[in-house]
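Listing of input-v1.cif, mmCIF, C-alpha atoms
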data_run
loop_
_atom_site.group_PDB
_atom_site.id
_atom_site.type_symbol
_atom_site.label_atom_id
_atom_site.label_comp_id
_atom_site.auth_asym_id
_atom_site.auth_seq_id
_atom_site.Cartn_x
_atom_site.Cartn_y
_atom_site.Cartn_z
ATOM 1 C CA MET S 1 -6.080 37.365 -19.559
ATOM 2 C CA ASN S 2 -5.661 34.977 -16.640
ATOM 3 C CA GLU S 3 -4.453 31.579 -17.618
ATOM 4 C CA ARG S 4 -5.526 28.771 -15.376
ATOM 5 C CA PRO S 5 -3.470 25.616 -15.140
ATOM 6 C CA SER S 6 -5.011 22.607 -16.773
ATOM 7 C CA ARG S 7 -6.965 20.293 -14.529
ATOM 8 C CA THR S 8 -4.322 17.607 -14.897
ATOM 9 C CA THR S 9 -1.566 19.972 -13.783
ATOM 10 C CA ALA S 10 -3.567 21.202 -10.818
ATOM 11 C CA TYR S 11 -4.374 17.642 -9.804
ATOM 12 C CA ASP S 12 -0.754 16.523 -10.123
ATOM 13 C CA ASN S 13 0.509 19.459 -8.072
ATOM 14 C CA ARG S 14 -2.083 18.956 -5.373
ATOM 15 C CA PHE S 15 -1.160 15.316 -4.850
ATOM 16 C CA ALA S 16 2.536 15.508 -5.667
ATOM 17 C CA ARG S 17 4.823 13.472 -3.467
ATOM 18 C CA SER S 18 8.542 13.553 -3.146
ATOM 19 C CA GLY S 19 8.697 9.900 -4.124
ATOM 20 C CA PRO S 20 7.842 6.529 -2.669
ATOM 21 C CA ARG S 21 7.884 6.219 1.074
ATOM 22 C CA ALA S 22 11.111 4.857 2.423
ATOM 23 C CA ASP S 23 9.266 2.127 4.333
ATOM 24 C CA ALA S 24 6.858 1.268 1.525
ATOM 25 C CA ALA S 25 6.679 -2.445 0.935
ATOM 26 C CA GLN S 26 7.916 -3.231 -2.542
ATOM 27 C CA THR S 27 6.139 -5.921 -4.501
ATOM 28 C CA ARG S 28 8.371 -8.803 -5.410
ATOM 29 C CA ARG S 29 7.848 -10.080 -8.892
ATOM 30 C CA GLY S 30 7.269 -13.809 -8.951
ATOM 31 C CA ALA S 31 6.732 -14.125 -5.203
ATOM 32 C CA THR S 32 4.178 -16.715 -4.200
ATOM 33 C CA PRO S 33 1.004 -15.620 -2.402
ATOM 34 C CA GLN S 34 2.177 -17.560 0.660
ATOM 35 C CA ALA S 35 5.504 -15.709 0.746
ATOM 36 C CA SER S 36 3.755 -12.356 0.277
ATOM 37 C CA TYR S 37 1.272 -13.189 3.041
ATOM 38 C CA GLU S 38 4.049 -14.043 5.479
ATOM 39 C CA ARG S 39 6.028 -10.951 4.493
ATOM 40 C CA TYR S 40 3.131 -8.531 5.012
ATOM 41 C CA LEU S 41 2.120 -10.225 8.245
ATOM 42 C CA ALA S 42 5.665 -9.830 9.589
ATOM 43 C CA LEU S 43 5.727 -6.174 8.510
ATOM 44 C CA ALA S 44 2.372 -5.569 10.196
ATOM 45 C CA LYS S 45 3.496 -7.153 13.453
ATOM 46 C CA ALA S 46 6.715 -5.125 13.433
ATOM 47 C CA GLN S 47 4.804 -1.899 12.813
ATOM 48 C CA ALA S 48 2.338 -2.738 15.589
ATOM 49 C CA LEU S 49 5.201 -3.330 18.024
ATOM 50 C CA ALA S 50 6.758 -0.034 16.957
ATOM 51 C CA GLY S 51 3.476 1.726 17.764
ATOM 52 C CA ASP S 52 2.533 2.708 14.206
ATOM 53 C CA ARG S 53 -1.082 1.538 14.112
ATOM 54 C CA ILE S 54 -1.868 2.992 10.695
ATOM 55 C CA GLU S 55 1.018 1.304 8.886
ATOM 56 C CA ALA S 56 0.313 -1.909 10.782
ATOM 57 C CA GLU S 57 -3.309 -1.862 9.608
ATOM 58 C CA ARG S 58 -2.216 -1.193 6.038
ATOM 59 C CA ASN S 59 0.077 -4.212 6.101
ATOM 60 C CA TYR S 60 -2.568 -6.372 7.784
ATOM 61 C CA GLN S 61 -4.894 -5.507 4.914
ATOM 62 C CA TYR S 62 -2.290 -6.589 2.366
ATOM 63 C CA ALA S 63 -1.738 -9.804 4.325
ATOM 64 C CA GLU S 64 -5.486 -10.442 4.351
ATOM 65 C CA HIS S 65 -5.591 -9.983 0.575
ATOM 66 C CA TYR S 66 -2.933 -12.657 0.074
ATOM 67 C CA HIS S 67 -4.623 -14.903 2.655
ATOM 68 C CA ARG S 68 -7.800 -14.737 0.574
ATOM 69 C CA LEU S 69 -5.823 -15.588 -2.568
ATOM 70 C CA ILE S 70 -4.350 -18.615 -0.837
ATOM 71 C CA ASN S 71 -7.783 -19.817 0.302
ATOM 72 C CA GLY S 72 -9.383 -19.090 -3.057
ATOM 73 C CA THR S 73 -11.919 -16.678 -1.608
ATOM 74 C CA ALA S 74 -10.647 -13.499 -3.284
ATOM 75 C CA ALA S 75 -13.489 -11.420 -4.666
#

Translate this file's structure into structure tokens.
Amino acid sequence: MNERPSRTTAYDNRFARSGPRADAAQTRRGATPQASYERYLALAKAQALAGDRIEAERNYQYAEHYHRLINGTAA
């Protein structure tokens, strides 16, 4: 009889990664929204200058999230 891997195993293998990205921004516990906003904005600008548009956009989105928290408009 053929044994198929469980759905969980197949899913895990399909999306397995070798670990977190080396350049992944780590969340700082206890950081204020203002500090996080400034941090992600700086990361986004640095990535844009380096020519990595995708990573820059990702960091701009994080910065926008914290900007909304600061302004009280987070959905």

Inset, instruction - List the neighbours of Ala46 (chain S) out to 12 Å using only C-alpha atoms; skip same-chain residues closer than 6 positions along the sequence, and give me the result as a ChimeraX atom specification. - result: /S:23,39-40,52-53,55-57,59-60

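Atom to atom, CA of Gly72 (chain S) and CA of Ala42 (chain S) stand 21.7 Å apart.
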
Legend entry - Between CA of Leu69 (chain S) and CA of Leu43 (chain S) - distance in Å to one decimal: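 A separation of 18.6 Å between them.
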
Inset, instruction - Taking the file above as input, evaluate the PyMOL selection byres ((chain S and resi 30-34) around 7) and report the hits as a list in words. - result: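 On the file shown, the PyMOL selection byres ((chain S and resi 30-34) around 7) covers Arg28, Arg29, Ala35, Ser36, Tyr37, Glu38, Tyr66, Leu69 and Ile70 of chain S.
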
Inset, instruction - Kindly give the distance, in Å, that separates CA of Asn71 (chain S) and CA of Lys45 (chain S), rounded to a single decimal. - result: 21.5 Å
